[in-house]
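Asks: Below you'll find the structure I mean.
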Number of protein chains: 2
Amino acid sequence: MDFYAEPLARLIEKFASLPGIGGKTAKRLAFHVLSLSVEQAQDFADTIVNAKTGMKFCSICQNMTDGDVCVICGDDRREKSVVCVVENPGDVIAMEQTGEYKGYYHVLHGAISPMDGVNPSDIKIAELLTRLSDDTVKEVIMATNPNIEGEATAMYISKLIKPLGVKVTRIAHGVPVGADLEYADKVTLTMALEGRREM
Amino acid sequence: MDFYAEPLARLIEKFASLPGIGGKTAKRLAFHVLSLSVEQAQDFADTIVNAKTGMKFCSICQNMTDGDVCVICGDDRREKSVVCVVENPGDVIAMEQTGEYKGYYHVLHGAISPMDGVNPSDIKIAELLTRLSDDTVKEVIMATNPNIEGEATAMYISKLIKPLGVKVTRIAHGVPVGADLEYADKVTLTMALEGRREM
């Protein structure tokens with residue numbers, strides 16, 4: 001790596017520290033930054049800092065927002081009785097893009113994973129329980145990821161919520177639409193069989 | 001895109017403007033930035049600006065460097081009679097990584113491409129000719145990319161250099177090592193045949 005002058009080497013290193021960016025891509029991105037004008041590079045840098053400092057947690061659902069309350073929580077026309085619990089802000093977008101869900105959300109910012117040192121107190125579970133303290137919410141949909149951590153988190157939270165008299169549901173597991181049955185893994189296929197519905 | 005608060009939307013847009021970064025990757029990178037600490041985000045931003053403002057053209061070979069002269073041009077032990085002409089700083093790294101080349105470089109910062117509005121005066125050809133004015137350099141190796149623009153640039157420059165009495169060579173075209181002959185395109189295979197050498 002000693003072919004690169006230090007400021008460039010550091011930028012390549014920064015890009016390579018981003019998730020999913022390998023060494024070659026990091027080099028390409030760094031050289032691209034060098035090809036920008038000084039103003040464009042400054043603008044890029046400012047955007048990074050602004051995004052980080054300008055975004056905070058929505059005081060209700062804990063999603064990222066630039067105000068006190070996010071646009072979804074600020075929308076009165078949504079169904080107040082349902083809260084969908086997801087791991088990350090990106091999951092909210094994914095759910096919203098279906099256009100099917102009209103309730104509110106709660107973003108945990110992670111999943112319980114003792115292996116990675118993530119305990120229940122490290123994610124936004126307490127904030128969820130606070131929201132359920134009045135009787136507005138009737139159903140909590142656990143939409144954590146369909147992996148070990150996501151399942152464990154869903155299980156953990158459902159045990160906390162059920163005593164409050166709130167219905168807890170889990171999104172369906174099964175074969176993805178458009179996928180090839182031949183390539184579905186055994187666990188998914190078993191889940192798909194278990195969750196079969198009458199036609 | 002209206003699910004994103006404005007500072008985040010702008011950051012996603014910035015990432016998506018980088019070469020080879022699509023919408024999904026841009027979202028992932030932007031959310032990653034939000035997961036950094038404010039100090040880390042500030043550090044990332046500073047690195048971008050420092051790389052842009054701290055790097056300039058080497059006064060000899062036009063490669064990017066943080067000093068007046070790059071490490072390669074500053075190395076006296078290299079072979080002074082050979083200059084390898086490449087399109088981009090990344091190409092210098094690629095050549096250096098072979099460990100085989102011991103001469104100096106000249107970085108054009110582009111290739112002649114009238115279609116894209118890149119004329120001979122837009123790339124560092126004049127600087128190359130200046131370097132050849134004394135009689136130190138005996139051979140110029142044209143290592144521009146093996147595509148239309150690279151070939152045209154090599155041809156153009158070789159016509160300018162030959163009258164100066166300097167030998168101009170072109171890197172060999174042929175089948176890449178480790179590749180499958182079956183999948184080599186016709187032009188490459190033709191070039192490989194033409195360039196065959198006795199064993």
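We name chains A, B, ... following the order of the structure tokens; residues begin at 1 in each chain, and ligands are numbered from 1 as shown.
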Return as a ChimeraX atom specification the residues belonging to chain B that are within 6 Å of chain A, counting only C-alpha atoms.
Replies: /B:5,7-8,11,34,41-42,45,47,49,51-52,65-66
Asks: Limited to N, CA, C and O atoms, could you put the picked residues into a file as a PDB file, in the first residue's frame?
Replies:
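The file below, again-v1.pdb, is the result:
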```
ATOM      1  N   ALA B   5     -35.865  11.351   5.856  1.00  0.00           N
ATOM      2  CA  ALA B   5     -35.717  12.750   6.234  1.00  0.00           C
ATOM      3  C   ALA B   5     -34.636  13.343   5.337  1.00  0.00           C
ATOM      4  O   ALA B   5     -33.771  12.632   4.831  1.00  0.00           O
ATOM      5  N   PRO B   7     -31.757  15.221   5.516  1.00  0.00           N
ATOM      6  CA  PRO B   7     -30.291  15.029   5.608  1.00  0.00           C
ATOM      7  C   PRO B   7     -29.871  13.622   5.175  1.00  0.00           C
ATOM      8  O   PRO B   7     -28.847  13.445   4.527  1.00  0.00           O
ATOM      9  N   LEU B   8     -30.701  12.633   5.500  1.00  0.00           N
ATOM     10  CA  LEU B   8     -30.405  11.250   5.125  1.00  0.00           C
ATOM     11  C   LEU B   8     -30.585  11.064   3.622  1.00  0.00           C
ATOM     12  O   LEU B   8     -29.748  10.448   2.957  1.00  0.00           O
ATOM     13  N   LEU B  11     -27.632  12.326   1.817  1.00  0.00           N
ATOM     14  CA  LEU B  11     -26.457  11.470   1.937  1.00  0.00           C
ATOM     15  C   LEU B  11     -26.571  10.251   1.016  1.00  0.00           C
ATOM     16  O   LEU B  11     -25.613   9.867   0.348  1.00  0.00           O
ATOM     17  N   LEU B  34     -24.914   6.723   9.752  1.00  0.00           N
ATOM     18  CA  LEU B  34     -25.742   7.092  10.904  1.00  0.00           C
ATOM     19  C   LEU B  34     -25.365   6.275  12.131  1.00  0.00           C
ATOM     20  O   LEU B  34     -25.524   6.724  13.259  1.00  0.00           O
ATOM     21  N   ALA B  41     -17.925  10.117  12.099  1.00  0.00           N
ATOM     22  CA  ALA B  41     -18.492  10.732  10.896  1.00  0.00           C
ATOM     23  C   ALA B  41     -17.682  11.964  10.518  1.00  0.00           C
ATOM     24  O   ALA B  41     -17.371  12.187   9.341  1.00  0.00           O
ATOM     25  N   GLN B  42     -17.326  12.744  11.524  1.00  0.00           N
ATOM     26  CA  GLN B  42     -16.529  13.951  11.279  1.00  0.00           C
ATOM     27  C   GLN B  42     -15.163  13.568  10.705  1.00  0.00           C
ATOM     28  O   GLN B  42     -14.669  14.196   9.773  1.00  0.00           O
ATOM     29  N   ALA B  45     -15.507  12.614   7.098  1.00  0.00           N
ATOM     30  CA  ALA B  45     -15.683  13.830   6.298  1.00  0.00           C
ATOM     31  C   ALA B  45     -14.353  14.556   6.126  1.00  0.00           C
ATOM     32  O   ALA B  45     -14.007  14.989   5.021  1.00  0.00           O
ATOM     33  N   THR B  47     -11.386  13.277   6.229  1.00  0.00           N
ATOM     34  CA  THR B  47     -10.496  12.498   5.374  1.00  0.00           C
ATOM     35  C   THR B  47     -10.774  12.780   3.898  1.00  0.00           C
ATOM     36  O   THR B  47      -9.850  12.868   3.088  1.00  0.00           O
ATOM     37  N   VAL B  49     -12.067  15.569   2.588  1.00  0.00           N
ATOM     38  CA  VAL B  49     -11.579  16.910   2.245  1.00  0.00           C
ATOM     39  C   VAL B  49     -10.050  16.932   2.209  1.00  0.00           C
ATOM     40  O   VAL B  49      -9.461  17.499   1.287  1.00  0.00           O
ATOM     41  N   ALA B  51      -8.001  14.464   1.574  1.00  0.00           N
ATOM     42  CA  ALA B  51      -7.493  13.749   0.409  1.00  0.00           C
ATOM     43  C   ALA B  51      -7.580  14.658  -0.809  1.00  0.00           C
ATOM     44  O   ALA B  51      -6.656  14.732  -1.618  1.00  0.00           O
ATOM     45  N   LYS B  52      -8.726  15.361  -0.915  1.00  0.00           N
ATOM     46  CA  LYS B  52      -8.905  16.226  -2.080  1.00  0.00           C
ATOM     47  C   LYS B  52      -7.958  17.418  -2.043  1.00  0.00           C
ATOM     48  O   LYS B  52      -7.321  17.745  -3.039  1.00  0.00           O
ATOM     49  N   THR B  65       0.005  13.044  -5.697  1.00  0.00           N
ATOM     50  CA  THR B  65       0.951  12.939  -4.590  1.00  0.00           C
ATOM     51  C   THR B  65       0.652  14.015  -3.568  1.00  0.00           C
ATOM     52  O   THR B  65      -0.058  14.981  -3.871  1.00  0.00           O
ATOM     53  N   ASP B  66       1.174  13.860  -2.351  1.00  0.00           N
ATOM     54  CA  ASP B  66       0.949  14.903  -1.347  1.00  0.00           C
ATOM     55  C   ASP B  66       2.140  15.863  -1.253  1.00  0.00           C
ATOM     56  O   ASP B  66       2.067  16.867  -0.567  1.00  0.00           O
TER      57      ASP B  66
END
```
Asks: Find the residues near B:Glu149: any atom within 9 Å, counting only C-alpha atoms, skip ones fewer than 3 places away on the same chain, and give them as a list in words.
Replies: Ala111, Ile112, Ser113, Pro114, Thr144, Asn145, Pro146, Ala152, Thr153 and Ala154 of chain B
Asks: Would you list the contacts of stretch 191-196 of chain B as a list in words, taking every protein, DNA or RNA residue within 12 Å and counting only C-alpha atoms, but skipping same-chain residues closer than 5 positions in sequence?
Replies: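 Near neighbours after the sequence-gap exclusion: Pro146, Arg170, Ile171, Ala172, His173, Gly174, Val175, Pro176, Val177, Leu181, Ala184, Asp185 and Lys186 of chain B.
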Asks: Give me, please, the distance in Å between atom CA of B:Leu164 and atom CA of B:Ile123, quoted to one decimal.
Replies: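 For atom CA of B:Leu164 relative to atom CA of B:Ile123, the distance reads 20.0 Å.
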Asks: Do a neighbour search on A:Val82 at 12 Å with only C-alpha atoms, toss out local chain neighbours closer than 3 positions, and write the hits as an mmCIF file with N, CA and C atoms, in the first residue's frame.
Replies:
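Saved result, out-v6.cif, follows:
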```cif
data_model
loop_
_atom_site.group_PDB
_atom_site.id
_atom_site.type_symbol
_atom_site.label_atom_id
_atom_site.label_comp_id
_atom_site.auth_asym_id
_atom_site.auth_seq_id
_atom_site.Cartn_x
_atom_site.Cartn_y
_atom_site.Cartn_z
ATOM 1 N N ARG A 78 -53.065 7.044 10.283
ATOM 2 C CA ARG A 78 -52.687 5.637 10.349
ATOM 3 C C ARG A 78 -53.458 4.912 11.440
ATOM 4 N N GLU A 79 -53.404 3.589 11.357
ATOM 5 C CA GLU A 79 -54.150 2.766 12.296
ATOM 6 C C GLU A 79 -53.420 2.728 13.643
ATOM 7 N N VAL A 85 -42.870 -4.117 14.826
ATOM 8 C CA VAL A 85 -41.539 -4.005 15.417
ATOM 9 C C VAL A 85 -40.486 -4.515 14.432
ATOM 10 N N TYR A 101 -49.134 -1.896 4.603
ATOM 11 C CA TYR A 101 -49.206 -1.735 6.050
ATOM 12 C C TYR A 101 -49.594 -0.303 6.405
ATOM 13 N N LYS A 102 -50.584 -0.153 7.255
ATOM 14 C CA LYS A 102 -51.080 1.196 7.567
ATOM 15 C C LYS A 102 -50.923 1.571 9.041
ATOM 16 N N GLY A 103 -50.304 0.682 9.829
ATOM 17 C CA GLY A 103 -50.133 0.982 11.249
ATOM 18 C C GLY A 103 -48.858 1.765 11.509
ATOM 19 N N TYR A 104 -48.415 1.749 12.754
ATOM 20 C CA TYR A 104 -47.189 2.441 13.137
ATOM 21 C C TYR A 104 -46.040 1.451 13.273
ATOM 22 N N TYR A 105 -44.850 1.974 13.545
ATOM 23 C CA TYR A 105 -43.663 1.123 13.674
ATOM 24 C C TYR A 105 -42.979 1.299 15.012
ATOM 25 N N HIS A 106 -42.085 0.359 15.310
ATOM 26 C CA HIS A 106 -41.133 0.566 16.393
ATOM 27 C C HIS A 106 -39.793 -0.014 15.946
ATOM 28 N N ARG A 131 -44.611 2.469 25.212
ATOM 29 C CA ARG A 131 -45.668 2.831 24.250
ATOM 30 C C ARG A 131 -46.930 2.013 24.464
ATOM 31 N N LEU A 132 -46.748 0.802 25.040
ATOM 32 C CA LEU A 132 -47.888 -0.101 25.180
ATOM 33 C C LEU A 132 -48.619 0.107 26.507
ATOM 34 N N ASP A 135 -53.879 1.752 26.580
ATOM 35 C CA ASP A 135 -54.503 0.614 25.891
ATOM 36 C C ASP A 135 -54.740 0.846 24.398
ATOM 37 N N THR A 136 -54.036 1.810 23.808
ATOM 38 C CA THR A 136 -54.266 2.128 22.393
ATOM 39 C C THR A 136 -53.875 0.965 21.479
ATOM 40 N N VAL A 137 -52.700 0.379 21.722
ATOM 41 C CA VAL A 137 -52.187 -0.660 20.835
ATOM 42 C C VAL A 137 -52.794 -2.027 21.170
ATOM 43 N N LYS A 138 -53.392 -2.661 20.157
ATOM 44 C CA LYS A 138 -54.039 -3.956 20.358
ATOM 45 C C LYS A 138 -53.216 -5.103 19.798
ATOM 46 N N GLU A 139 -52.363 -4.780 18.818
ATOM 47 C CA GLU A 139 -51.561 -5.831 18.201
ATOM 48 C C GLU A 139 -50.145 -5.351 17.923
ATOM 49 N N VAL A 140 -49.172 -6.214 18.273
ATOM 50 C CA VAL A 140 -47.781 -5.916 17.943
ATOM 51 C C VAL A 140 -47.316 -6.981 16.955
ATOM 52 N N ILE A 141 -46.902 -6.546 15.759
ATOM 53 C CA ILE A 141 -46.408 -7.480 14.743
ATOM 54 C C ILE A 141 -44.886 -7.546 14.847
ATOM 55 N N MET A 142 -44.341 -8.718 15.151
ATOM 56 C CA MET A 142 -42.898 -8.862 15.236
ATOM 57 C C MET A 142 -42.347 -9.105 13.830
ATOM 58 N N VAL A 166 -51.747 -7.627 25.128
ATOM 59 C CA VAL A 166 -51.642 -7.184 23.736
ATOM 60 C C VAL A 166 -51.358 -8.407 22.857
ATOM 61 N N LYS A 167 -52.055 -8.500 21.731
ATOM 62 C CA LYS A 167 -51.835 -9.620 20.821
ATOM 63 C C LYS A 167 -50.463 -9.461 20.150
ATOM 64 N N VAL A 168 -49.682 -10.540 20.107
ATOM 65 C CA VAL A 168 -48.382 -10.479 19.435
ATOM 66 C C VAL A 168 -48.397 -11.437 18.252
ATOM 67 N N THR A 169 -48.069 -10.963 17.080
ATOM 68 C CA THR A 169 -48.025 -11.830 15.898
ATOM 69 C C THR A 169 -46.619 -11.792 15.289
#
```
Asks: One decimal, in Å: what's the spacing between atom CA of B:Lys159 and atom CA of B:Lys124?
Replies: 15.6 Å
Asks: Which parts of stretch 115-170 of chain B does DSSP call strand (DSSP E or B) when run on the backbone here, written out as a list in words?
Replies: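 Taking stretch 115-170 of chain B and keeping strand (DSSP E or B) only, one gets Val118, Glu139, Val140, Ile141, Met142, Lys167, Val168, Thr169 and Arg170 of chain B.
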Asks: Could you write those residues out with C-alpha atoms, as a PDB file, in the first residue's frame?
Replies:
```pdb
ATOM      1  CA  VAL B 118     -11.794  14.903 -24.355  1.00  0.00           C
ATOM      2  CA  GLU B 139      12.028   4.594 -24.655  1.00  0.00           C
ATOM      3  CA  VAL B 140       8.380   5.474 -24.009  1.00  0.00           C
ATOM      4  CA  ILE B 141       6.118   2.514 -23.274  1.00  0.00           C
ATOM      5  CA  MET B 142       2.490   3.257 -24.150  1.00  0.00           C
ATOM      6  CA  LYS B 167      11.629   4.696 -29.253  1.00  0.00           C
ATOM      7  CA  VAL B 168       7.896   4.173 -28.657  1.00  0.00           C
ATOM      8  CA  THR B 169       6.576   0.726 -27.695  1.00  0.00           C
ATOM      9  CA  ARG B 170       3.094  -0.571 -26.891  1.00  0.00           C
TER      10      ARG B 170
END
```
Asks: When DSSP works through the backbone of this structure, what residues of stretch 75-115 of chain A end up as helix (DSSP H, G or I), shown as a list in words?
Replies: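 The residues of stretch 75-115 of chain A classed as helix (DSSP H, G or I) are Pro89, Gly90, Asp91, Val92, Ile93, Ala94, Met95, Glu96, Gln97, Thr98, Pro114 and Met115 of chain A.
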Asks: Using only N, CA and C atoms, please write the residues we just selected to a file, as an mmCIF file, in the first residue's frame.
Replies:
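Result went into selection_3.cif, see below:
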```
data_model
loop_
_atom_site.group_PDB
_atom_site.id
_atom_site.type_symbol
_atom_site.label_atom_id
_atom_site.label_comp_id
_atom_site.auth_asym_id
_atom_site.auth_seq_id
_atom_site.Cartn_x
_atom_site.Cartn_y
_atom_site.Cartn_z
ATOM 1 N N PRO A 89 -33.929 0.915 10.683
ATOM 2 C CA PRO A 89 -34.672 1.908 9.919
ATOM 3 C C PRO A 89 -34.945 1.453 8.478
ATOM 4 N N GLY A 90 -33.985 0.734 7.891
ATOM 5 C CA GLY A 90 -34.166 0.259 6.524
ATOM 6 C C GLY A 90 -35.356 -0.685 6.387
ATOM 7 N N ASP A 91 -35.661 -1.406 7.470
ATOM 8 C CA ASP A 91 -36.786 -2.333 7.440
ATOM 9 C C ASP A 91 -38.115 -1.588 7.342
ATOM 10 N N VAL A 92 -38.156 -0.383 7.949
ATOM 11 C CA VAL A 92 -39.372 0.437 7.876
ATOM 12 C C VAL A 92 -39.643 0.792 6.418
ATOM 13 N N ILE A 93 -38.569 1.199 5.730
ATOM 14 C CA ILE A 93 -38.696 1.552 4.310
ATOM 15 C C ILE A 93 -39.221 0.353 3.530
ATOM 16 N N ALA A 94 -38.631 -0.822 3.781
ATOM 17 C CA ALA A 94 -39.040 -2.029 3.066
ATOM 18 C C ALA A 94 -40.528 -2.301 3.288
ATOM 19 N N MET A 95 -40.983 -2.185 4.527
ATOM 20 C CA MET A 95 -42.393 -2.414 4.834
ATOM 21 C C MET A 95 -43.277 -1.367 4.162
ATOM 22 N N GLU A 96 -42.849 -0.100 4.220
ATOM 23 C CA GLU A 96 -43.619 0.983 3.629
ATOM 24 C C GLU A 96 -43.765 0.798 2.119
ATOM 25 N N GLN A 97 -42.718 0.234 1.518
ATOM 26 C CA GLN A 97 -42.742 0.084 0.062
ATOM 27 C C GLN A 97 -43.752 -0.959 -0.391
ATOM 28 N N THR A 98 -44.182 -1.837 0.526
ATOM 29 C CA THR A 98 -45.234 -2.784 0.159
ATOM 30 C C THR A 98 -46.542 -2.024 -0.059
ATOM 31 N N PRO A 114 -26.361 -12.353 22.237
ATOM 32 C CA PRO A 114 -25.360 -12.461 23.304
ATOM 33 C C PRO A 114 -23.961 -12.719 22.756
ATOM 34 N N MET A 115 -23.884 -13.443 21.614
ATOM 35 C CA MET A 115 -22.584 -13.721 20.997
ATOM 36 C C MET A 115 -21.854 -12.436 20.628
#
```
Asks: Between atom CA of A:Ser59 and atom CA of A:Leu129, what is the distance in Å, rounded to a tenth?
Replies: 13.6 Å
